[in-house]
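Visitor: So here's start.cif (mmCIF, C-alpha atoms).
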```
data_structure
loop_
_atom_site.group_PDB
_atom_site.id
_atom_site.type_symbol
_atom_site.label_atom_id
_atom_site.label_comp_id
_atom_site.auth_asym_id
_atom_site.auth_seq_id
_atom_site.Cartn_x
_atom_site.Cartn_y
_atom_site.Cartn_z
ATOM 1 C CA MET A 1 0.000 0.000 0.000
ATOM 2 C CA ARG A 2 2.730 2.458 0.905
ATOM 3 C CA LYS A 3 4.548 1.946 -2.422
ATOM 4 C CA HIS A 4 1.370 2.884 -4.306
ATOM 5 C CA PHE A 5 0.957 5.889 -2.009
ATOM 6 C CA ILE A 6 4.556 6.976 -2.691
ATOM 7 C CA ALA A 7 4.061 6.569 -6.469
ATOM 8 C CA LEU A 8 0.985 8.816 -6.306
ATOM 9 C CA LEU A 9 2.897 11.429 -4.334
ATOM 10 C CA VAL A 10 5.748 11.360 -6.859
ATOM 11 C CA ILE A 11 3.232 12.135 -9.611
ATOM 12 C CA LEU A 12 1.988 15.091 -7.543
ATOM 13 C CA VAL A 13 5.567 16.284 -7.028
ATOM 14 C CA LEU A 14 6.314 16.116 -10.750
ATOM 15 C CA THR A 15 3.094 17.988 -11.529
ATOM 16 C CA GLY A 16 4.235 20.723 -9.172
ATOM 17 C CA TYR A 17 7.606 20.871 -10.930
ATOM 18 C CA PHE A 18 5.839 21.405 -14.259
ATOM 19 C CA LEU A 19 3.556 24.141 -12.940
ATOM 20 C CA VAL A 20 6.401 26.111 -11.376
ATOM 21 C CA GLY A 21 8.550 25.684 -14.465
ATOM 22 C CA CYS A 22 5.740 27.097 -16.582
ATOM 23 C CA GLY A 23 5.250 30.023 -14.246
ATOM 24 C CA LEU A 24 1.761 28.873 -13.225
ATOM 25 C CA LEU A 25 2.506 28.911 -9.496
ATOM 26 C CA PRO A 26 3.912 31.880 -7.547
ATOM 27 C CA SER A 27 7.299 31.449 -5.910
ATOM 28 C CA LYS A 28 7.294 31.801 -2.111
ATOM 29 C CA PRO A 29 9.913 31.026 0.543
ATOM 30 C CA SER A 30 10.039 27.353 1.473
ATOM 31 C CA LEU A 31 8.027 26.531 4.596
ATOM 32 C CA PHE A 32 11.251 25.224 6.176
ATOM 33 C CA TYR A 33 12.557 28.799 6.349
ATOM 34 C CA THR A 34 9.523 29.997 8.296
ATOM 35 C CA SER A 35 9.579 27.223 10.900
ATOM 36 C CA PRO A 36 10.405 28.466 14.441
ATOM 37 C CA CYS A 37 12.715 25.483 15.079
ATOM 38 C CA LYS A 38 15.534 23.721 13.237
ATOM 39 C CA ALA A 39 15.299 20.391 11.434
ATOM 40 C CA PRO A 40 14.423 17.686 12.226
ATOM 41 C CA CYS A 41 11.940 19.820 14.148
ATOM 42 C CA TRP A 42 9.258 21.604 12.127
ATOM 43 C CA GLU A 43 6.698 24.046 13.559
ATOM 44 C CA ASN A 44 7.667 22.716 17.031
ATOM 45 C CA ILE A 45 6.922 19.123 16.003
ATOM 46 C CA THR A 46 9.889 16.838 16.729
ATOM 47 C CA PRO A 47 9.791 13.152 15.729
ATOM 48 C CA GLY A 48 10.100 10.911 18.770
ATOM 49 C CA VAL A 49 9.118 13.743 21.137
ATOM 50 C CA THR A 50 5.887 15.474 20.108
ATOM 51 C CA THR A 51 2.651 13.697 21.032
ATOM 52 C CA GLU A 52 0.014 12.898 18.461
ATOM 53 C CA GLN A 53 -2.479 15.255 20.099
ATOM 54 C CA ASP A 54 -0.038 18.168 20.223
ATOM 55 C CA ALA A 55 0.915 17.547 16.600
ATOM 56 C CA LEU A 56 -2.735 17.469 15.561
ATOM 57 C CA THR A 57 -3.276 20.847 17.235
ATOM 58 C CA ILE A 58 -0.223 22.323 15.477
ATOM 59 C CA PHE A 59 -1.289 20.817 12.139
ATOM 60 C CA ALA A 60 -4.765 22.300 12.506
ATOM 61 C CA LYS A 61 -3.390 25.786 13.202
ATOM 62 C CA PHE A 62 -0.930 25.578 10.293
ATOM 63 C CA ALA A 63 -3.607 24.275 7.930
ATOM 64 C CA ASP A 64 -5.917 27.090 8.989
ATOM 65 C CA ARG A 65 -3.218 29.674 8.235
ATOM 66 C CA GLN A 66 -2.770 28.108 4.804
ATOM 67 C CA GLY A 67 -6.487 28.195 4.107
ATOM 68 C CA VAL A 68 -6.796 24.430 3.589
ATOM 69 C CA SER A 69 -9.558 22.253 4.974
ATOM 70 C CA ASP A 70 -8.590 18.661 4.153
ATOM 71 C CA LEU A 71 -6.767 17.860 7.419
ATOM 72 C CA GLN A 72 -7.186 14.125 8.032
ATOM 73 C CA ASP A 73 -6.291 11.831 10.903
ATOM 74 C CA GLN A 74 -6.381 8.151 9.948
ATOM 75 C CA SER A 75 -4.655 4.766 10.223
ATOM 76 C CA GLN A 76 -1.817 3.989 7.822
ATOM 77 C CA ASP A 77 0.436 0.968 7.232
ATOM 78 C CA GLY A 78 1.380 -0.228 10.693
ATOM 79 C CA TYR A 79 1.588 3.167 12.306
ATOM 80 C CA ILE A 80 -1.174 4.083 14.738
ATOM 81 C CA ASP A 81 -2.188 7.235 12.938
ATOM 82 C CA ASP A 82 -1.477 9.267 9.855
ATOM 83 C CA ILE A 83 -2.181 13.014 10.029
ATOM 84 C CA HIS A 84 -1.951 14.869 6.744
ATOM 85 C CA PHE A 85 -3.173 17.726 4.603
ATOM 86 C CA SER A 86 -2.461 19.187 1.168
ATOM 87 C CA LEU A 87 -1.082 22.654 0.516
ATOM 88 C CA PRO A 88 -2.830 24.953 -1.985
ATOM 89 C CA ASN A 89 -0.058 24.412 -4.572
ATOM 90 C CA GLY A 90 -0.349 20.613 -4.434
ATOM 91 C CA GLY A 91 2.308 19.898 -1.808
ATOM 92 C CA LEU A 92 1.568 17.513 1.032
ATOM 93 C CA ILE A 93 2.518 17.453 4.719
ATOM 94 C CA LEU A 94 2.120 14.179 6.554
ATOM 95 C CA GLY A 95 2.882 13.111 10.117
ATOM 96 C CA GLU A 96 2.990 9.468 11.193
ATOM 97 C CA THR A 97 2.792 8.411 14.810
ATOM 98 C CA LEU A 98 4.049 5.438 16.742
ATOM 99 C CA ASN A 99 3.087 4.859 20.365
ATOM 100 C CA ARG A 100 1.076 8.079 20.238
ATOM 101 C CA ARG A 101 4.092 10.220 19.351
ATOM 102 C CA ILE A 102 5.114 11.629 15.991
ATOM 103 C CA SER A 103 7.609 9.223 14.450
ATOM 104 C CA VAL A 104 7.976 10.631 10.930
ATOM 105 C CA MET A 105 7.286 13.986 9.281
ATOM 106 C CA HIS A 106 6.954 13.630 5.523
ATOM 107 C CA PHE A 107 6.874 16.559 3.087
ATOM 108 C CA GLU A 108 6.125 16.258 -0.638
ATOM 109 C CA GLY A 109 5.984 18.778 -3.446
ATOM 110 C CA GLU A 110 6.519 22.518 -3.427
ATOM 111 C CA PHE A 111 6.715 23.238 0.334
ATOM 112 C CA GLU A 112 4.985 26.573 -0.446
ATOM 113 C CA GLY A 113 8.094 27.641 -2.384
ATOM 114 C CA PRO A 114 10.922 25.903 -4.296
ATOM 115 C CA LEU A 115 13.771 24.330 -2.328
ATOM 116 C CA THR A 116 17.116 23.769 -4.079
ATOM 117 C CA LEU A 117 19.650 21.202 -2.948
ATOM 118 C CA GLU A 118 22.028 23.967 -1.892
ATOM 119 C CA GLN A 119 19.304 25.486 0.293
ATOM 120 C CA ALA A 120 18.387 22.083 1.710
ATOM 121 C CA ILE A 121 21.978 21.427 2.769
ATOM 122 C CA GLN A 122 22.139 24.865 4.380
ATOM 123 C CA LEU A 123 18.940 24.127 6.303
ATOM 124 C CA PHE A 124 19.422 20.455 7.126
ATOM 125 C CA GLY A 125 23.196 20.026 7.137
ATOM 126 C CA GLU A 126 25.392 17.870 4.909
ATOM 127 C CA PRO A 127 24.148 14.339 4.252
ATOM 128 C CA GLU A 128 26.129 11.322 5.361
ATOM 129 C CA SER A 129 25.215 9.122 2.421
ATOM 130 C CA VAL A 130 23.456 8.957 -0.941
ATOM 131 C CA LEU A 131 20.931 6.387 -2.157
ATOM 132 C CA VAL A 132 20.197 6.041 -5.874
ATOM 133 C CA GLU A 133 17.004 4.074 -6.547
ATOM 134 C CA THR A 134 15.441 2.897 -9.782
ATOM 135 C CA PHE A 135 11.804 1.837 -10.034
ATOM 136 C CA GLY A 136 9.549 0.896 -12.929
ATOM 137 C CA MET A 137 8.307 4.447 -13.547
ATOM 138 C CA TYR A 138 11.039 6.702 -12.196
ATOM 139 C CA ASP A 139 14.428 6.951 -10.526
ATOM 140 C CA GLN A 140 14.929 8.624 -7.181
ATOM 141 C CA ILE A 141 17.890 10.295 -5.477
ATOM 142 C CA ILE A 142 17.855 10.368 -1.671
ATOM 143 C CA LEU A 143 20.410 12.028 0.623
ATOM 144 C CA LEU A 144 20.394 10.726 4.183
ATOM 145 C CA ASN A 145 21.650 11.802 7.597
ATOM 146 C CA PRO A 146 20.557 9.002 9.970
ATOM 147 C CA THR A 147 22.393 10.645 12.876
ATOM 148 C CA LYS A 148 20.125 13.697 12.695
ATOM 149 C CA GLY A 149 17.053 11.861 11.432
ATOM 150 C CA ILE A 150 16.790 13.658 8.085
ATOM 151 C CA ALA A 151 16.404 12.473 4.481
ATOM 152 C CA PHE A 152 15.680 14.520 1.373
ATOM 153 C CA GLY A 153 15.782 14.100 -2.375
ATOM 154 C CA TRP A 154 13.962 14.219 -5.693
ATOM 155 C CA PRO A 155 12.545 11.943 -8.414
ATOM 156 C CA ILE A 156 13.910 11.798 -11.964
ATOM 157 C CA VAL A 157 11.539 11.095 -14.840
ATOM 158 C CA PRO A 158 12.955 11.922 -18.309
ATOM 159 C CA PRO A 159 10.773 12.051 -21.458
ATOM 160 C CA THR A 160 12.032 8.646 -22.610
ATOM 161 C CA PHE A 161 12.733 6.480 -19.627
ATOM 162 C CA THR A 162 14.878 3.395 -19.193
ATOM 163 C CA PRO A 163 15.113 2.417 -15.485
ATOM 164 C CA GLY A 164 18.564 3.157 -14.138
ATOM 165 C CA VAL A 165 19.654 5.197 -17.143
ATOM 166 C CA ALA A 166 18.015 8.433 -16.002
ATOM 167 C CA SER A 167 19.879 8.613 -12.711
ATOM 168 C CA GLY A 168 23.089 7.351 -14.300
ATOM 169 C CA GLN A 169 23.112 10.248 -16.740
ATOM 170 C CA ALA A 170 22.098 12.838 -14.126
ATOM 171 C CA GLU A 171 24.213 14.734 -11.656
ATOM 172 C CA ILE A 172 23.924 16.083 -8.148
ATOM 173 C CA ASN A 173 24.345 19.838 -8.235
ATOM 174 C CA PRO A 174 23.365 22.833 -6.065
ATOM 175 C CA ASN A 175 20.379 23.642 -8.289
ATOM 176 C CA ASN A 176 18.676 20.250 -8.054
ATOM 177 C CA LYS A 177 15.119 20.867 -6.922
ATOM 178 C CA VAL A 178 14.275 18.960 -3.729
ATOM 179 C CA GLY A 179 10.711 17.639 -3.648
ATOM 180 C CA LEU A 180 10.918 14.955 -0.945
ATOM 181 C CA VAL A 181 11.799 15.524 2.719
ATOM 182 C CA TRP A 182 11.532 13.254 5.750
ATOM 183 C CA PHE A 183 12.250 14.052 9.393
ATOM 184 C CA PHE A 184 12.293 10.947 11.567
ATOM 185 C CA ASP A 185 13.191 9.735 15.034
ATOM 186 C CA SER A 186 16.897 8.904 14.661
ATOM 187 C CA THR A 187 16.570 6.137 17.285
ATOM 188 C CA GLN A 188 14.012 4.440 14.993
ATOM 189 C CA TYR A 189 16.101 4.507 11.807
ATOM 190 C CA ASP A 190 15.537 0.855 10.829
ATOM 191 C CA GLN A 191 11.833 1.168 11.507
ATOM 192 C CA PHE A 192 11.689 4.263 9.307
ATOM 193 C CA LEU A 193 13.356 2.358 6.465
ATOM 194 C CA ASN A 194 11.320 -0.812 6.910
ATOM 195 C CA ALA A 195 8.068 1.191 6.836
ATOM 196 C CA GLY A 196 8.666 1.607 3.106
ATOM 197 C CA HIS A 197 9.277 5.345 2.933
ATOM 198 C CA LEU A 198 12.206 4.887 0.562
ATOM 199 C CA GLY A 199 10.742 1.898 -1.259
ATOM 200 C CA PHE A 200 13.088 -0.829 0.001
ATOM 201 C CA SER A 201 13.901 -2.636 3.248
ATOM 202 C CA ALA A 202 16.478 -1.376 5.726
ATOM 203 C CA LEU A 203 18.883 -4.207 4.823
ATOM 204 C CA VAL A 204 18.744 -3.491 1.079
ATOM 205 C CA ILE A 205 19.109 0.262 1.577
ATOM 206 C CA LYS A 206 22.053 -0.031 3.962
ATOM 207 C CA ASN A 207 23.839 -2.351 1.540
ATOM 208 C CA ASN A 208 23.480 0.181 -1.276
ATOM 209 C CA LEU A 209 24.359 3.478 0.405
ATOM 210 C CA HIS A 210 27.219 5.551 -0.999
ATOM 211 C CA PRO A 211 29.205 7.936 1.249
ATOM 212 C CA TRP A 212 28.497 11.600 0.477
ATOM 213 C CA THR A 213 31.482 13.113 -1.326
ATOM 214 C CA GLY A 214 29.856 16.241 -2.712
ATOM 215 C CA TYR A 215 28.386 17.342 -6.008
ATOM 216 C CA GLY A 216 29.099 15.521 -9.236
ATOM 217 C CA LYS A 217 27.886 13.004 -11.800
ATOM 218 C CA ILE A 218 25.945 10.171 -10.251
ATOM 219 C CA ASN A 219 27.499 7.393 -12.344
ATOM 220 C CA ASP A 220 30.960 8.624 -11.337
ATOM 221 C CA LYS A 221 30.359 9.045 -7.605
ATOM 222 C CA TYR A 222 27.210 7.196 -6.479
ATOM 223 C CA TRP A 223 26.835 4.103 -8.623
ATOM 224 C CA PRO A 224 25.348 1.473 -8.825
ATOM 225 C CA PRO A 225 21.694 2.090 -7.875
ATOM 226 C CA VAL A 226 19.403 -0.123 -5.829
ATOM 227 C CA THR A 227 16.790 -1.921 -7.968
ATOM 228 C CA PRO A 228 13.496 -3.755 -7.258
ATOM 229 C CA SER A 229 15.215 -7.106 -7.878
ATOM 230 C CA GLN A 230 17.481 -6.692 -4.835
#
```
Take the structure from the file and write it as structure tokens.
Guide:
Amino acid sequence: MRKHFIALLVILVLTGYFLVGCGLLPSKPSLFYTSPCKAPCWENITPGVTTEQDALTIFAKFADRQGVSDLQDQSQDGYIDDIHFSLPNGGLILGETLNRRISVMHFEGEFEGPLTLEQAIQLFGEPESVLVETFGMYDQIILLNPTKGIAFGWPIVPPTFTPGVASGQAEINPNNKVGLVWFFDSTQYDQFLNAGHLGFSALVIKNNLHPWTGYGKINDKYWPPVTPSQ
């Protein structure tokens, strides 16, 4: 179920990319810049610390400020609850709870305004490792810092797509547009991975991580990718 959910969110992210690129959406500062606390805290919600009820209250206030009314609190894939709502520009903010505390904060799409990789590293700190993933419909680049409990990245879907080729021909550069962000409880790293957020199990992901060595071509620095057959 979660893989289908992730695929749907990737489509929403790519739609947002198109709209911004065509000038159909206004550019605003990323919501991570307006948060009163530093990642992996957002709007005073900290994975592993903030209770579900407190998070729901904060979500409701934030959603009200954004003028959205689709705030939902429901069960989801092994976690007790899933609290989420969509932003006016198609982005999505989702909080998952475990043992009645927020375990994962998941952000998809435009985050109110564009977020480049350079900005993400300034906000979240340098990643420890890079994960290159190839699926049937798209490739995905994920930068992880398990020590802090932060992961962020972006999908790659070229006009003509051969799995694995898109990411191999791409590069990691300061202008890459980040469309996927996760804040998670760093003490629950394996559980975060095994919940399917990144599409593969913790064992497969850990066996395919590449140490972060900076910007550059993916097939030179962060190859090979992880594939569904692994």
Visitor: When distances are computed from only C-alpha atoms, which of A:Pro155, A:Pro174, A:Gly95, A:Gly199 shows the smallest separation from A:Ile45?
Guide: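 With only C-alpha atoms as the atom set, the closest residue is A:Gly95.
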Visitor: If the PyMOL selection byres ((chain A and resi 112-118) around 12) is run on the structure shown, which residues does it catch, given as a PyMOL selection string?
Guide: chain A and resi 13+16-17+19-21+25-34+66+86-93+107-111+119-127+141-143+151-154+171-181+214-215
Visitor: Could you write those residues out with C-alpha atoms, as a short mmCIF file (atom, residue, chain, number, x, y, z; two decimals), in the coordinates of the input?
Guide:
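Heads up, here's the output in selection_32.cif:
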```cif
data_model
loop_
_atom_site.label_atom_id
_atom_site.label_comp_id
_atom_site.auth_asym_id
_atom_site.auth_seq_id
_atom_site.Cartn_x
_atom_site.Cartn_y
_atom_site.Cartn_z
CA VAL A 13 5.57 16.28 -7.03
CA GLY A 16 4.24 20.72 -9.17
CA TYR A 17 7.61 20.87 -10.93
CA LEU A 19 3.56 24.14 -12.94
CA VAL A 20 6.40 26.11 -11.38
CA GLY A 21 8.55 25.68 -14.46
CA LEU A 25 2.51 28.91 -9.50
CA PRO A 26 3.91 31.88 -7.55
CA SER A 27 7.30 31.45 -5.91
CA LYS A 28 7.29 31.80 -2.11
CA PRO A 29 9.91 31.03 0.54
CA SER A 30 10.04 27.35 1.47
CA LEU A 31 8.03 26.53 4.60
CA PHE A 32 11.25 25.22 6.18
CA TYR A 33 12.56 28.80 6.35
CA THR A 34 9.52 30.00 8.30
CA GLN A 66 -2.77 28.11 4.80
CA SER A 86 -2.46 19.19 1.17
CA LEU A 87 -1.08 22.65 0.52
CA PRO A 88 -2.83 24.95 -1.98
CA ASN A 89 -0.06 24.41 -4.57
CA GLY A 90 -0.35 20.61 -4.43
CA GLY A 91 2.31 19.90 -1.81
CA LEU A 92 1.57 17.51 1.03
CA ILE A 93 2.52 17.45 4.72
CA PHE A 107 6.87 16.56 3.09
CA GLU A 108 6.12 16.26 -0.64
CA GLY A 109 5.98 18.78 -3.45
CA GLU A 110 6.52 22.52 -3.43
CA PHE A 111 6.72 23.24 0.33
CA GLN A 119 19.30 25.49 0.29
CA ALA A 120 18.39 22.08 1.71
CA ILE A 121 21.98 21.43 2.77
CA GLN A 122 22.14 24.86 4.38
CA LEU A 123 18.94 24.13 6.30
CA PHE A 124 19.42 20.45 7.13
CA GLY A 125 23.20 20.03 7.14
CA GLU A 126 25.39 17.87 4.91
CA PRO A 127 24.15 14.34 4.25
CA ILE A 141 17.89 10.30 -5.48
CA ILE A 142 17.86 10.37 -1.67
CA LEU A 143 20.41 12.03 0.62
CA ALA A 151 16.40 12.47 4.48
CA PHE A 152 15.68 14.52 1.37
CA GLY A 153 15.78 14.10 -2.38
CA TRP A 154 13.96 14.22 -5.69
CA GLU A 171 24.21 14.73 -11.66
CA ILE A 172 23.92 16.08 -8.15
CA ASN A 173 24.34 19.84 -8.24
CA PRO A 174 23.36 22.83 -6.06
CA ASN A 175 20.38 23.64 -8.29
CA ASN A 176 18.68 20.25 -8.05
CA LYS A 177 15.12 20.87 -6.92
CA VAL A 178 14.28 18.96 -3.73
CA GLY A 179 10.71 17.64 -3.65
CA LEU A 180 10.92 14.96 -0.94
CA VAL A 181 11.80 15.52 2.72
CA GLY A 214 29.86 16.24 -2.71
CA TYR A 215 28.39 17.34 -6.01
#
```
Visitor: In terms of the shortest atom-to-atom distance over only C-alpha atoms, which of A:Leu71, A:Val104, A:Ile218, A:Ile156 is closest to A:Tyr189?
Guide: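 For A:Tyr189, the nearest of the given residues is A:Val104.
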Visitor: Show me, as an MDAnalysis selection string, the residues that have an atom within 8 Å of A:Asp190 when counting only C-alpha atoms, minus same-chain residues fewer than 3 positions from it.
Guide: chainID A and resid 193:194 202
